[in-house]
>>> print(open('input19.cif').read())   # mmCIF, C-alpha atoms and all ligand atoms
data_upload
loop_
_atom_site.group_PDB
_atom_site.id
_atom_site.type_symbol
_atom_site.label_atom_id
_atom_site.label_comp_id
_atom_site.auth_asym_id
_atom_site.auth_seq_id
_atom_site.Cartn_x
_atom_site.Cartn_y
_atom_site.Cartn_z
ATOM 1 C CA MET A 24 4.213 64.056 -33.532
ATOM 2 C CA ALA A 25 3.385 60.878 -31.638
ATOM 3 C CA TRP A 26 5.009 57.652 -32.863
ATOM 4 C CA ARG A 27 7.501 59.487 -35.060
ATOM 5 C CA SER A 28 10.330 59.710 -32.609
ATOM 6 C CA SER A 29 12.011 56.285 -32.889
ATOM 7 C CA GLY A 30 15.801 56.185 -32.670
ATOM 8 C CA SER A 31 18.670 53.695 -32.624
ATOM 9 C CA SER A 32 19.764 54.568 -29.087
ATOM 10 C CA ASN A 33 18.187 56.025 -25.972
ATOM 11 C CA ALA A 34 19.868 59.379 -26.642
ATOM 12 C CA GLU A 35 18.545 59.447 -30.215
ATOM 13 C CA LEU A 36 15.019 58.470 -29.142
ATOM 14 C CA VAL A 37 14.853 61.236 -26.525
ATOM 15 C CA GLU A 38 16.413 63.757 -28.938
ATOM 16 C CA ASN A 39 13.759 62.883 -31.541
ATOM 17 C CA LEU A 40 11.010 63.320 -28.935
ATOM 18 C CA ARG A 41 12.460 66.758 -28.222
ATOM 19 C CA LYS A 42 12.626 67.670 -31.939
ATOM 20 C CA ASN A 43 8.970 66.654 -32.264
ATOM 21 C CA GLY A 44 8.044 69.140 -29.563
ATOM 22 C CA VAL A 45 7.093 66.706 -26.818
ATOM 23 C CA PHE A 46 9.030 68.528 -24.090
ATOM 24 C CA SER A 47 8.179 72.032 -22.883
ATOM 25 C CA ASN A 48 11.453 72.325 -20.971
ATOM 26 C CA GLN A 49 14.489 70.452 -19.735
ATOM 27 C CA ARG A 50 13.233 68.426 -16.767
ATOM 28 C CA ALA A 51 11.328 65.504 -18.311
ATOM 29 C CA TYR A 52 13.873 65.464 -21.143
ATOM 30 C CA ASP A 53 16.760 65.165 -18.661
ATOM 31 C CA ALA A 54 14.994 62.365 -16.789
ATOM 32 C CA MET A 55 14.341 60.344 -19.944
ATOM 33 C CA LYS A 56 17.889 60.931 -21.171
ATOM 34 C CA ALA A 57 19.256 59.614 -17.861
ATOM 35 C CA VAL A 58 17.185 56.404 -17.889
ATOM 36 C CA ASP A 59 18.041 53.879 -20.620
ATOM 37 C CA ARG A 60 14.796 52.394 -21.875
ATOM 38 C CA GLY A 61 16.893 49.422 -23.058
ATOM 39 C CA ASP A 62 17.141 48.328 -19.407
ATOM 40 C CA PHE A 63 13.330 47.988 -19.253
ATOM 41 C CA ALA A 64 12.194 46.567 -22.615
ATOM 42 C CA SER A 65 13.866 43.554 -24.181
ATOM 43 C CA ARG A 66 12.615 44.191 -27.731
ATOM 44 C CA ASP A 67 13.002 47.398 -29.781
ATOM 45 C CA PRO A 68 13.367 49.653 -26.709
ATOM 46 C CA TYR A 69 14.138 52.745 -28.810
ATOM 47 C CA GLU A 70 11.040 52.482 -30.991
ATOM 48 C CA ASP A 71 8.438 55.094 -30.099
ATOM 49 C CA ALA A 72 5.871 52.351 -29.489
ATOM 50 C CA PRO A 73 4.624 50.233 -26.598
ATOM 51 C CA GLN A 74 6.302 46.811 -26.166
ATOM 52 C CA ARG A 75 5.077 43.655 -24.481
ATOM 53 C CA ILE A 76 6.689 42.888 -21.113
ATOM 54 C CA GLY A 77 4.685 39.716 -20.381
ATOM 55 C CA TYR A 78 1.563 38.972 -18.279
ATOM 56 C CA ASN A 79 -0.626 41.014 -20.673
ATOM 57 C CA ALA A 80 1.263 44.165 -19.734
ATOM 58 C CA THR A 81 3.176 46.596 -21.907
ATOM 59 C CA ILE A 82 5.795 49.238 -21.333
ATOM 60 C CA SER A 83 4.021 52.335 -22.630
ATOM 61 C CA ALA A 84 5.264 54.209 -25.702
ATOM 62 C CA PRO A 85 8.018 56.764 -25.008
ATOM 63 C CA HIS A 86 5.876 59.698 -26.171
ATOM 64 C CA MET A 87 3.235 58.660 -23.600
ATOM 65 C CA HIS A 88 5.837 58.440 -20.843
ATOM 66 C CA ALA A 89 7.074 61.888 -21.896
ATOM 67 C CA ALA A 90 3.533 63.292 -21.812
ATOM 68 C CA ALA A 91 2.906 61.875 -18.326
ATOM 69 C CA LEU A 92 6.146 63.389 -17.001
ATOM 70 C CA GLU A 93 5.302 66.728 -18.645
ATOM 71 C CA TYR A 94 1.847 66.936 -17.041
ATOM 72 C CA LEU A 95 3.370 66.066 -13.658
ATOM 73 C CA GLN A 96 6.550 68.116 -13.915
ATOM 74 C CA ASN A 97 5.588 70.858 -11.458
ATOM 75 C CA HIS A 98 4.657 68.188 -8.914
ATOM 76 C CA LEU A 99 7.693 65.948 -9.469
ATOM 77 C CA VAL A 100 10.024 68.481 -7.863
ATOM 78 C CA ALA A 101 13.001 67.936 -5.571
ATOM 79 C CA GLY A 102 11.933 66.139 -2.401
ATOM 80 C CA ALA A 103 8.404 65.314 -3.610
ATOM 81 C CA ASN A 104 6.583 62.091 -2.723
ATOM 82 C CA ALA A 105 5.005 60.275 -5.688
ATOM 83 C CA LEU A 106 3.068 57.122 -6.567
ATOM 84 C CA ASP A 107 3.243 55.167 -9.849
ATOM 85 C CA VAL A 108 0.270 52.789 -10.137
ATOM 86 C CA GLY A 109 0.811 49.827 -12.490
ATOM 87 C CA SER A 110 4.577 50.277 -12.444
ATOM 88 C CA GLY A 111 5.144 47.346 -14.848
ATOM 89 C CA SER A 112 8.698 47.465 -16.191
ATOM 90 C CA GLY A 113 9.720 50.085 -13.621
ATOM 91 C CA TYR A 114 10.826 52.532 -16.328
ATOM 92 C CA LEU A 115 8.544 55.441 -15.491
ATOM 93 C CA THR A 116 9.012 54.948 -11.746
ATOM 94 C CA VAL A 117 12.749 55.551 -12.250
ATOM 95 C CA CYS A 118 12.136 58.607 -14.486
ATOM 96 C CA MET A 119 9.880 60.029 -11.767
ATOM 97 C CA ALA A 120 12.582 59.283 -9.177
ATOM 98 C CA MET A 121 15.104 61.197 -11.319
ATOM 99 C CA MET A 122 12.815 64.233 -11.150
ATOM 100 C CA VAL A 123 12.174 64.144 -7.375
ATOM 101 C CA GLY A 124 15.890 63.557 -6.777
ATOM 102 C CA PRO A 125 17.724 61.934 -3.878
ATOM 103 C CA THR A 126 15.526 63.624 -1.233
ATOM 104 C CA GLY A 127 12.275 62.445 -2.854
ATOM 105 C CA THR A 128 10.443 59.134 -2.933
ATOM 106 C CA VAL A 129 8.523 57.279 -5.615
ATOM 107 C CA VAL A 130 6.416 54.249 -4.739
ATOM 108 C CA GLY A 131 5.725 51.905 -7.650
ATOM 109 C CA ILE A 132 2.792 49.561 -7.121
ATOM 110 C CA GLU A 133 2.110 46.616 -9.436
ATOM 111 C CA HIS A 134 -0.210 43.626 -8.959
ATOM 112 C CA MET A 135 1.707 41.036 -11.031
ATOM 113 C CA SER A 136 4.376 39.874 -8.572
ATOM 114 C CA GLU A 137 6.446 38.560 -11.495
ATOM 115 C CA LEU A 138 6.569 42.087 -12.920
ATOM 116 C CA VAL A 139 7.497 43.561 -9.532
ATOM 117 C CA GLU A 140 10.502 41.217 -9.510
ATOM 118 C CA LEU A 141 11.319 42.008 -13.143
ATOM 119 C CA SER A 142 11.130 45.759 -12.491
ATOM 120 C CA LYS A 143 13.533 45.482 -9.540
ATOM 121 C CA LYS A 144 15.966 43.556 -11.756
ATOM 122 C CA ASN A 145 15.622 46.207 -14.457
ATOM 123 C CA ILE A 146 16.191 49.076 -12.016
ATOM 124 C CA LYS A 147 19.268 47.402 -10.510
ATOM 125 C CA LYS A 148 21.022 47.410 -13.914
ATOM 126 C CA HIS A 149 21.921 51.107 -13.574
ATOM 127 C CA HIS A 150 19.990 52.579 -10.646
ATOM 128 C CA SER A 151 20.410 50.162 -7.730
ATOM 129 C CA GLU A 152 21.190 53.131 -5.423
ATOM 130 C CA MET A 153 17.590 54.313 -5.819
ATOM 131 C CA ILE A 154 16.342 51.082 -4.255
ATOM 132 C CA GLU A 155 19.135 50.931 -1.656
ATOM 133 C CA ASN A 156 18.475 54.532 -0.536
ATOM 134 C CA GLY A 157 14.710 54.149 -0.545
ATOM 135 C CA ASN A 158 14.085 56.747 -3.277
ATOM 136 C CA VAL A 159 12.268 54.003 -5.154
ATOM 137 C CA VAL A 160 10.040 51.502 -3.366
ATOM 138 C CA MET A 161 8.430 48.732 -5.436
ATOM 139 C CA ILE A 162 5.278 47.251 -3.897
ATOM 140 C CA ASP A 163 3.353 44.126 -4.908
ATOM 141 C CA GLY A 164 -0.310 45.033 -4.525
ATOM 142 C CA ASP A 165 -3.586 46.287 -5.970
ATOM 143 C CA GLY A 166 -2.923 49.834 -7.105
ATOM 144 C CA ARG A 167 -6.640 50.664 -7.096
ATOM 145 C CA GLN A 168 -6.214 50.938 -3.325
ATOM 146 C CA GLY A 169 -3.164 53.176 -3.719
ATOM 147 C CA TYR A 170 -0.576 52.767 -0.983
ATOM 148 C CA ALA A 171 -1.815 54.465 2.171
ATOM 149 C CA GLU A 172 1.379 53.752 4.145
ATOM 150 C CA LYS A 173 3.329 56.436 2.248
ATOM 151 C CA ALA A 174 0.469 58.845 1.439
ATOM 152 C CA PRO A 175 -0.160 61.691 0.815
ATOM 153 C CA TYR A 176 1.386 62.003 -2.652
ATOM 154 C CA ASN A 177 2.317 65.205 -4.468
ATOM 155 C CA ALA A 178 2.075 63.330 -7.771
ATOM 156 C CA ILE A 179 0.235 60.165 -8.775
ATOM 157 C CA HIS A 180 0.610 58.488 -12.160
ATOM 158 C CA VAL A 181 -1.697 55.652 -13.174
ATOM 159 C CA GLY A 182 -0.399 53.514 -16.054
ATOM 160 C CA ALA A 183 -3.567 51.509 -16.734
ATOM 161 C CA ALA A 184 -7.091 52.618 -17.627
ATOM 162 C CA ALA A 185 -9.645 52.607 -14.808
ATOM 163 C CA ALA A 186 -13.424 52.333 -15.169
ATOM 164 C CA GLY A 187 -13.634 55.336 -12.851
ATOM 165 C CA VAL A 188 -11.211 57.293 -10.701
ATOM 166 C CA PRO A 189 -10.551 55.138 -7.602
ATOM 167 C CA LYS A 190 -11.516 57.086 -4.464
ATOM 168 C CA ALA A 191 -8.499 55.710 -2.580
ATOM 169 C CA LEU A 192 -6.260 57.509 -5.058
ATOM 170 C CA THR A 193 -7.949 60.920 -4.797
ATOM 171 C CA ASP A 194 -7.935 60.471 -1.002
ATOM 172 C CA GLN A 195 -4.186 59.829 -1.067
ATOM 173 C CA LEU A 196 -3.451 62.872 -3.236
ATOM 174 C CA ALA A 197 -1.788 65.661 -1.216
ATOM 175 C CA ASP A 198 -3.301 69.117 -1.201
ATOM 176 C CA GLY A 199 -1.772 70.909 -4.193
ATOM 177 C CA GLY A 200 -1.032 67.522 -5.743
ATOM 178 C CA ARG A 201 -1.828 66.235 -9.230
ATOM 179 C CA MET A 202 -2.855 62.816 -10.531
ATOM 180 C CA MET A 203 -2.703 61.760 -14.186
ATOM 181 C CA ILE A 204 -4.984 58.794 -14.893
ATOM 182 C CA PRO A 205 -6.402 57.181 -18.040
ATOM 183 C CA VAL A 206 -10.139 56.650 -17.540
ATOM 184 C CA GLU A 207 -12.404 54.470 -19.647
ATOM 185 C CA GLN A 208 -15.610 56.173 -20.727
ATOM 186 C CA LYS A 209 -19.015 54.591 -21.346
ATOM 187 C CA ASP A 210 -18.390 54.334 -25.103
ATOM 188 C CA GLY A 211 -15.176 52.351 -24.460
ATOM 189 C CA ASN A 212 -12.892 55.232 -25.411
ATOM 190 C CA GLN A 213 -10.254 56.318 -22.940
ATOM 191 C CA VAL A 214 -9.298 59.807 -21.853
ATOM 192 C CA PHE A 215 -6.226 60.960 -19.966
ATOM 193 C CA MET A 216 -7.500 62.912 -16.961
ATOM 194 C CA GLN A 217 -5.638 65.518 -14.973
ATOM 195 C CA ILE A 218 -6.898 65.632 -11.408
ATOM 196 C CA ASP A 219 -5.752 68.442 -9.133
ATOM 197 C CA LYS A 220 -6.527 68.765 -5.422
ATOM 198 C CA ILE A 221 -6.666 72.434 -4.502
ATOM 199 C CA ASN A 222 -7.684 73.445 -0.961
ATOM 200 C CA GLY A 223 -9.156 69.983 -0.531
ATOM 201 C CA LYS A 224 -11.317 70.284 -3.661
ATOM 202 C CA ILE A 225 -10.963 67.998 -6.685
ATOM 203 C CA HIS A 226 -10.643 69.618 -10.135
ATOM 204 C CA GLU A 227 -10.852 67.284 -13.139
ATOM 205 C CA LYS A 228 -9.836 68.004 -16.711
ATOM 206 C CA ILE A 229 -9.657 65.787 -19.808
ATOM 207 C CA VAL A 230 -6.356 66.467 -21.577
ATOM 208 C CA GLU A 231 -6.253 63.955 -24.443
ATOM 209 C CA HIS A 232 -7.488 60.633 -25.807
ATOM 210 C CA VAL A 233 -5.321 57.623 -25.001
ATOM 211 C CA ILE A 234 -5.136 53.813 -25.184
ATOM 212 C CA TYR A 235 -3.924 51.898 -22.113
ATOM 213 C CA VAL A 236 -4.305 48.326 -20.856
ATOM 214 C CA PRO A 237 -7.049 48.042 -18.217
ATOM 215 C CA LEU A 238 -6.581 48.705 -14.504
ATOM 216 C CA THR A 239 -8.126 45.470 -13.311
ATOM 217 C CA SER A 240 -7.706 42.490 -10.993
ATOM 218 C CA ARG A 241 -4.781 40.102 -11.238
ATOM 219 C CA ASP A 242 -7.150 37.247 -12.146
ATOM 220 C CA LYS A 243 -8.848 39.122 -14.967
ATOM 221 C CA GLN A 244 -5.502 40.156 -16.382
ATOM 222 C CA TRP A 245 -3.732 36.812 -16.339
ATOM 223 C CA SER A 246 -5.257 33.726 -14.616
ATOM 224 C CA HIS A 247 -7.013 32.389 -17.725
ATOM 225 C CA HIS A 248 -3.556 31.725 -19.164
ATOM 226 C CA HIS A 249 -2.704 29.092 -16.548
HETATM 227 N N1 LIG B 301 3.874 52.109 -16.659
HETATM 228 C C1 LIG B 301 4.406 50.773 -16.824
HETATM 229 C C2 LIG B 301 3.379 49.707 -17.159
HETATM 230 C C3 LIG B 301 2.206 50.058 -18.008
HETATM 231 S S1 LIG B 301 1.136 48.663 -18.344
HETATM 232 C C4 LIG B 301 5.470 50.760 -17.885
HETATM 233 O O1 LIG B 301 5.479 51.654 -18.724
HETATM 234 O O2 LIG B 301 6.289 49.842 -17.878
HETATM 235 C C5 LIG B 301 0.029 48.748 -16.974
HETATM 236 C C6 LIG B 301 0.494 47.958 -15.781
HETATM 237 O O3 LIG B 301 -0.548 48.065 -14.801
HETATM 238 C C7 LIG B 301 0.705 46.487 -16.030
HETATM 239 O O4 LIG B 301 1.997 46.122 -15.585
HETATM 240 C C8 LIG B 301 -0.378 45.798 -15.190
HETATM 241 O O5 LIG B 301 0.042 44.561 -14.659
HETATM 242 C C9 LIG B 301 -0.617 46.839 -14.109
HETATM 243 N N2 LIG B 301 -1.920 46.794 -13.435
HETATM 244 C C10 LIG B 301 -3.154 46.618 -13.969
HETATM 245 N N3 LIG B 301 -4.100 46.653 -13.015
HETATM 246 C C11 LIG B 301 -3.466 46.858 -11.833
HETATM 247 C C12 LIG B 301 -3.892 46.969 -10.472
HETATM 248 N N4 LIG B 301 -5.185 46.868 -10.130
HETATM 249 N N5 LIG B 301 -2.954 47.192 -9.529
HETATM 250 C C13 LIG B 301 -1.638 47.270 -9.859
HETATM 251 N N6 LIG B 301 -1.168 47.166 -11.105
HETATM 252 C C14 LIG B 301 -2.060 46.955 -12.087
#
>>> encode(input="input19.cif", output="structure tokens")
Amino acid sequence: MAWRSSGSSNAELVENLRKNGVFSNQRAYDAMKAVDRGDFASRDPYEDAPQRIGYNATISAPHMHAAALEYLQNHLVAGANALDVGSGSGYLTVCMAMMVGPTGTVVGIEHMSELVELSKKNIKKHHSEMIENGNVVMIDGDGRQGYAEKAPYNAIHVGAAAAGVPKALTDQLADGGRMMIPVEQKDGNQVFMQIDKINGKIHEKIVEHVIYVPLTSRDKQWSHHH
């Protein structure tokens, strides 16, 4: 089902994702329908594939964005507080903000300042009110530290693969909250992990195999290009 959902418009892409059984209900579907991926990727935005956005970063494939929103859907409810680590293009941050609505907040944190600026420009194309009203806050920083100022978070999404689960992120997860994070294993393969905090206890579960760019330092990601 993955990769097969390309369309010629945002509506067609999201409809094809739905036909391929990616959505279990309306909420993630509605969010993706309401956010035009064309505002966030300059090339082939309606292909069900990742696209380069510069600085060794990619906007993830639509079916991966859909999967992330699905796993987090019961935590991205009206008024919830969420964190998007490695916010890149800003696309998923805005989808998450759609789901938490005007009374919720989503913090996007990204360590390439150029991408933070790009994401704000992208968001302002059709969703400037989210930034003006503080529903979306884009932070330039190292997401491995999370963003303690706005913690705890009901939902945390990590868009880059970590060597291990950063403790700062589990610490900043609210009780009853869920984090979805790609984690690199010893053999180099990556798994998408679902991490729930229930009565202060951490419950981890591997949900699928994935391929993400690494969650790393700014220098490792880009400085050798200068
Ligand atoms: N979810 C985003 C981007 C995915 S690519 C989208 O779909 O557009 C992963 C992003 O994580 C890249 O933009 C990269 O610059 C960022 N990143 C990698 N390591 C990071 C770190 N330590 N802190 C913050 N952002 C990081």
>>> residues_near_ligand(input="input19.cif", ligand="ligand LIG 301 (chain B)", cutoff="8 Å", atoms="only C-alpha atoms and all ligand atoms", output="VMD selection string")
chain A and resid 63 76 78 to 84 88 107 to 116 132 to 135 138 163 to 168 181 to 183 235 to 241 244
>>> closest_residue(input="input19.cif", among="A:Ala91, A:Met161, A:Met153, A:Ile221", to="Ile204 (chain A)", atoms="all atoms listed in the file")
A:Ala91
>>> atom_distance(input="input19.cif", atom1="CA of Met216 (chain A)", atom2="CA of Ala90 (chain A)")
12.1 Å
>>> residues_around(input="input19.cif", residues="Asp59 (chain A)", least_positions_apart="6", cutoff="10 Å", atoms="all atoms listed in the file", output="PyMOL selection string")
chain A and resi 32-34+37+68-69+114+118+148-149
>>> atom_distance(input="input19.cif", atom1="CA of Ala186 (chain A)", atom2="CA of Tyr94 (chain A)")
21.2 Å
>>> closest_residue(input="input19.cif", among="A:Glu35, A:Glu152, A:Asp210, A:Glu227", to="Thr193 (chain A)", atoms="all atoms listed in the file")
A:Glu227
>>> resolve_selection(input="input19.cif", expression="the PyMOL selection byres (((chain A and resi 36) around 10) and not hetatm)", output="number ranges by chain")
A: 27-35, 37-42, 55-56, 60, 68-71, 85-86
>>> closest_residue(input="input19.cif", among="A:Lys243, A:His232, A:Lys224, A:Arg50", to="Ala101 (chain A)", atoms="only C-alpha atoms")
A:Arg50
>>> residues_around(input="input19.cif", residues="Leu92 (chain A)", least_positions_apart="5", cutoff="12 Å", atoms="only C-alpha atoms", output="JSON, numbers by chain")
{"A": [45, 46, 47, 48, 49, 50, 51, 52, 53, 54, 55, 85, 86, 87, 97, 98, 99, 100, 105, 107, 114, 115, 116, 117, 118, 119, 120, 121, 122, 123, 178, 179, 180, 181, 182, 201, 202, 203]}
>>> residues_around(input="input19.cif", residues="Asp194 (chain A)", least_positions_apart="2", cutoff="12 Å", atoms="only C-alpha atoms", output="VMD selection string")
chain A and resid 167 to 171 174 to 177 179 188 to 192 196 to 198 200 to 202 218 to 220 223 to 225
>>> write_last_selection(input="input19.cif", atoms="C-alpha atoms", output="compact mmCIF listing (two decimals), in the frame of the given file")
# COMPACT_ATOMS: atom_id res chain seq x y z
CA ARG A 167 -6.64 50.66 -7.10
CA GLN A 168 -6.21 50.94 -3.32
CA GLY A 169 -3.16 53.18 -3.72
CA TYR A 170 -0.58 52.77 -0.98
CA ALA A 171 -1.82 54.46 2.17
CA ALA A 174 0.47 58.84 1.44
CA PRO A 175 -0.16 61.69 0.82
CA TYR A 176 1.39 62.00 -2.65
CA ASN A 177 2.32 65.20 -4.47
CA ILE A 179 0.24 60.16 -8.78
CA VAL A 188 -11.21 57.29 -10.70
CA PRO A 189 -10.55 55.14 -7.60
CA LYS A 190 -11.52 57.09 -4.46
CA ALA A 191 -8.50 55.71 -2.58
CA LEU A 192 -6.26 57.51 -5.06
CA LEU A 196 -3.45 62.87 -3.24
CA ALA A 197 -1.79 65.66 -1.22
CA ASP A 198 -3.30 69.12 -1.20
CA GLY A 200 -1.03 67.52 -5.74
CA ARG A 201 -1.83 66.24 -9.23
CA MET A 202 -2.86 62.82 -10.53
CA ILE A 218 -6.90 65.63 -11.41
CA ASP A 219 -5.75 68.44 -9.13
CA LYS A 220 -6.53 68.76 -5.42
CA GLY A 223 -9.16 69.98 -0.53
CA LYS A 224 -11.32 70.28 -3.66
CA ILE A 225 -10.96 68.00 -6.68
>>> atom_distance(input="input19.cif", atom1="CA of Ala184 (chain A)", atom2="CA of Val230 (chain A)")
14.4 Å
>>> closest_residue(input="input19.cif", among="A:Pro73, A:Pro205, A:Pro125, A:Gly199", to="Glu155 (chain A)", atoms="only C-alpha atoms")
A:Pro125
>>> build_atoms(input="input19.cif", residues="region 168-188 of chain A", atoms="N, CA, C and O atoms", output="compact mmCIF listing (two decimals), in the coordinates of the input")
# COMPACT_ATOMS: atom_id res chain seq x y z
N GLN A 168 -6.15 50.51 -4.73
CA GLN A 168 -6.21 50.94 -3.32
C GLN A 168 -5.14 51.97 -3.00
O GLN A 168 -5.05 52.43 -1.86
N GLY A 169 -4.29 52.29 -3.99
CA GLY A 169 -3.16 53.18 -3.72
C GLY A 169 -2.21 52.50 -2.76
O GLY A 169 -2.13 51.27 -2.71
N TYR A 170 -1.48 53.31 -1.99
CA TYR A 170 -0.58 52.77 -0.98
C TYR A 170 -0.58 53.75 0.18
O TYR A 170 0.20 54.71 0.24
N ALA A 171 -1.53 53.50 1.10
CA ALA A 171 -1.82 54.46 2.17
C ALA A 171 -0.61 54.70 3.08
O ALA A 171 -0.43 55.80 3.61
N GLU A 172 0.23 53.65 3.23
CA GLU A 172 1.38 53.75 4.14
C GLU A 172 2.27 54.96 3.86
O GLU A 172 2.86 55.51 4.78
N LYS A 173 2.40 55.33 2.59
CA LYS A 173 3.33 56.44 2.25
C LYS A 173 2.59 57.70 1.80
O LYS A 173 3.21 58.67 1.38
N ALA A 174 1.26 57.68 1.86
CA ALA A 174 0.47 58.84 1.44
C ALA A 174 0.66 59.99 2.44
O ALA A 174 1.04 59.72 3.60
N PRO A 175 0.37 61.24 2.10
CA PRO A 175 -0.16 61.69 0.82
C PRO A 175 0.92 61.91 -0.25
O PRO A 175 2.09 62.09 0.08
N TYR A 176 0.47 61.89 -1.51
CA TYR A 176 1.39 62.00 -2.65
C TYR A 176 1.22 63.34 -3.38
O TYR A 176 0.10 63.75 -3.67
N ASN A 177 2.34 63.96 -3.69
CA ASN A 177 2.32 65.20 -4.47
C ASN A 177 2.00 64.92 -5.94
O ASN A 177 1.47 65.80 -6.63
N ALA A 178 2.34 63.72 -6.38
CA ALA A 178 2.08 63.33 -7.77
C ALA A 178 1.69 61.87 -7.80
O ALA A 178 2.31 61.04 -7.13
N ILE A 179 0.63 61.56 -8.57
CA ILE A 179 0.24 60.16 -8.78
C ILE A 179 0.11 59.94 -10.27
O ILE A 179 -0.55 60.72 -10.97
N HIS A 180 0.78 58.89 -10.77
CA HIS A 180 0.61 58.49 -12.16
C HIS A 180 -0.06 57.12 -12.18
O HIS A 180 0.34 56.23 -11.42
N VAL A 181 -1.06 56.96 -13.02
CA VAL A 181 -1.70 55.65 -13.17
C VAL A 181 -1.43 55.19 -14.61
O VAL A 181 -1.78 55.89 -15.56
N GLY A 182 -0.83 54.01 -14.75
CA GLY A 182 -0.40 53.51 -16.05
C GLY A 182 -1.34 52.52 -16.68
O GLY A 182 -0.97 51.83 -17.63
N ALA A 183 -2.56 52.41 -16.17
CA ALA A 183 -3.57 51.51 -16.73
C ALA A 183 -4.93 52.19 -16.61
O ALA A 183 -5.16 52.98 -15.68
N ALA A 184 -5.84 51.87 -17.55
CA ALA A 184 -7.09 52.62 -17.63
C ALA A 184 -8.13 52.08 -16.66
O ALA A 184 -8.45 50.88 -16.66
N ALA A 185 -8.65 52.97 -15.82
CA ALA A 185 -9.64 52.61 -14.81
C ALA A 185 -11.05 52.88 -15.33
O ALA A 185 -11.26 53.76 -16.16
N ALA A 186 -12.02 52.11 -14.80
CA ALA A 186 -13.42 52.33 -15.17
C ALA A 186 -13.89 53.67 -14.61
O ALA A 186 -14.70 54.37 -15.19
N GLY A 187 -13.37 54.03 -13.46
CA GLY A 187 -13.63 55.34 -12.85
C GLY A 187 -12.41 55.70 -12.03
O GLY A 187 -11.50 54.88 -11.90
N VAL A 188 -12.37 56.89 -11.50
CA VAL A 188 -11.21 57.29 -10.70
C VAL A 188 -11.34 56.67 -9.30
O VAL A 188 -12.28 56.97 -8.58
